[in-house]
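> Take this structure, written in structure tokens, and hold onto it; I'll ask about it next.
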2 protein chains.
Amino acid sequence: MEQQVPLFVKMALQSWESNIQRADKLFTELTDEQLLLEVAPGKNRAYYLLGHFVAVHDRMLTLLGLGERQYPQLDAVFLSAPDNVEATPFPVHELRTQWKSINETLEKIFTNLPAEEWFYKHTSVSEEDFKKEPHRNRMNVLLSRTNHVSYHLGQLVLIKK
Amino acid sequence: MEQQVPLFVKMALQSWESNIQRADKLFTELTDEQLLLEVAPGKNRAYYLLGHFVAVHDRMLTLLGLGERQYPQLDAVFLSAPDNVEATPFPVHELRTQWKSINETLEKIFTNLPAEEWFYKHTSVSEEDFKKEPHRNRMNVLLSRTNHVSYHLGQLVLIKK
């Protein structure tokens with residue numbers, strides 16, 4: 001059964017990548033004006049979700065223990081606070097560049113990580129708790145962040161047409 | 001590394017279950033009237049997404065090669081056709097019951113399936129292709145259907161308040 005570990009890792013990575021690609025395609029198709037639209041009346045703007053993705057994916061670097069954050073300045077607007085439709089504190093083109101950059105950074109790290117290291121603990125669990133809860137590992141972060149992309153992707157597509 | 005096989009199967013199952021539970025909680029909170037609302041103007045009704053989930057999860061039985069379909073009559077309305085806001089061909093209470101039932105059925109099958117059997121091929125790939133593409137297995141169906149739940153869950157929450 002041992003050869004299934006790399007296979008599983010490959011499948012989980014493919015799932016992450018295909019969701020990132022779908023989101024990337026969608027963001028590319030949306031104009032800067034469309035990015036400022038809400039996904040539904042009174043709900044988050046696509047702009048907010050773009051910044052939210054950058055912040056969440058940027059945090060994965062430290063959560064996985066695989067790098068230093070690049071865009072911590074986004075947290076106050078896109079993680080700690082709800083969308084404020086009156087404000088556009090970061091330029092759209094800057095977020096678009098950061099979205100590409102952070103996903104490329106993760107992609108490089110992910111494809112170079114040996115399969116077994118996906119099962120190392122992530123950084124927000126203690127060594128002690130990890131002994132009791134070995135599922136609190138990097139792979140769990142990958143699976144849950146993949147679902148997170150899907151979740152907001154389902155909202156973003158509502159803006160099209 | 002061998003002990004990680006049951007561990008990652010367990011993680012993938014937990015991810016599926018937690019998404020099902022979130023969706024179940026939401027459907028329980030939504031009234032029958034709310035189920036008939038669109039997630040955004042001109043988009044699918046929650047009613048459609050409920051039926052769509054039942055049909056897609058029901059199809060997993062045959063796709064995984066683990067059982068016979070129970071609700072093939074839903075396909076024409078909830079899989080092959082887009083939502084028709086003028087029509088409510090199946091009673092809401094019936095879909096609610098089927099949603100509970102199909103997920104319980106899957107849950108029982110999933111928890112009893114030996115870890116290594118998740119890496120057997122699914123039924124829409126030939127033996128020949130599977131040799132070349134061993135990721136086309138049951139686990140891949142589980143990961144992709146988990147993302148599918150997340151995707152529509154992101155839309156369903158828009159109906160709340």
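Each chain in the structure tokens gets a letter, A, B, ..., in the order shown, and its residues are numbered from 1; ligands are numbered from 1 in order too.
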Once you count only C-alpha atoms, what closest atom pair and distance in Å to one decimal does each residue of segment 64-87 of chain A within 10 Å of segment 99-103 of chain A have, with rows by chain and rising residue number, as CSV?


residue,atom,partner,partner_atom,distance
A:Arg69,CA,A:Ile102,CA,9.5
A:Gln70,CA,A:Ile102,CA,8.1
A:Tyr71,CA,A:Ile102,CA,9.1

> Just to be explicit: take each residue in the selection above, keep C-alpha atoms, and write the result as a compact mmCIF listing (two decimals), in the first residue's frame.


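Heads up, here's the output in again.txt:
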# COMPACT_ATOMS: atom_id res chain seq x y z
CA ARG A 69 4.61 35.75 4.55
CA GLN A 70 4.78 38.21 1.71
CA TYR A 71 1.57 40.24 2.10

> Tell me, as a ChimeraX atom specification, which residues lie within 10 Å of Phe90 of chain A, counting only C-alpha atoms; anything in the same chain fewer than 2 positions away does not count.

/A:47,51,74,77,87-88,92-95

> Neighbours of Val125 of chain B within 10 Å (only C-alpha atoms; same-chain residues fewer than 6 positions away dropped), as a PyMOL selection string?

chain B and resi 63+131+133-134+136-137

> Would you give me, as a PyMOL selection string, the residues of chain A that come within 8 Å of chain B, using only C-alpha atoms?

chain A and resi 1-2+4-5+7-8+11-12+15+39-41+43+116+119+134-135+140+143-144+146-148+150-155+158

> Which one is closest to Val56 of chain B: B:Asp75, B:Asp32, B:Glu127, B:Glu104? Count only C-alpha atoms.

B:Asp75

> Write down as a count of residues only the residues belonging to chain B that are assigned helix (DSSP H, G or I) by DSSP computed on the backbone.

109
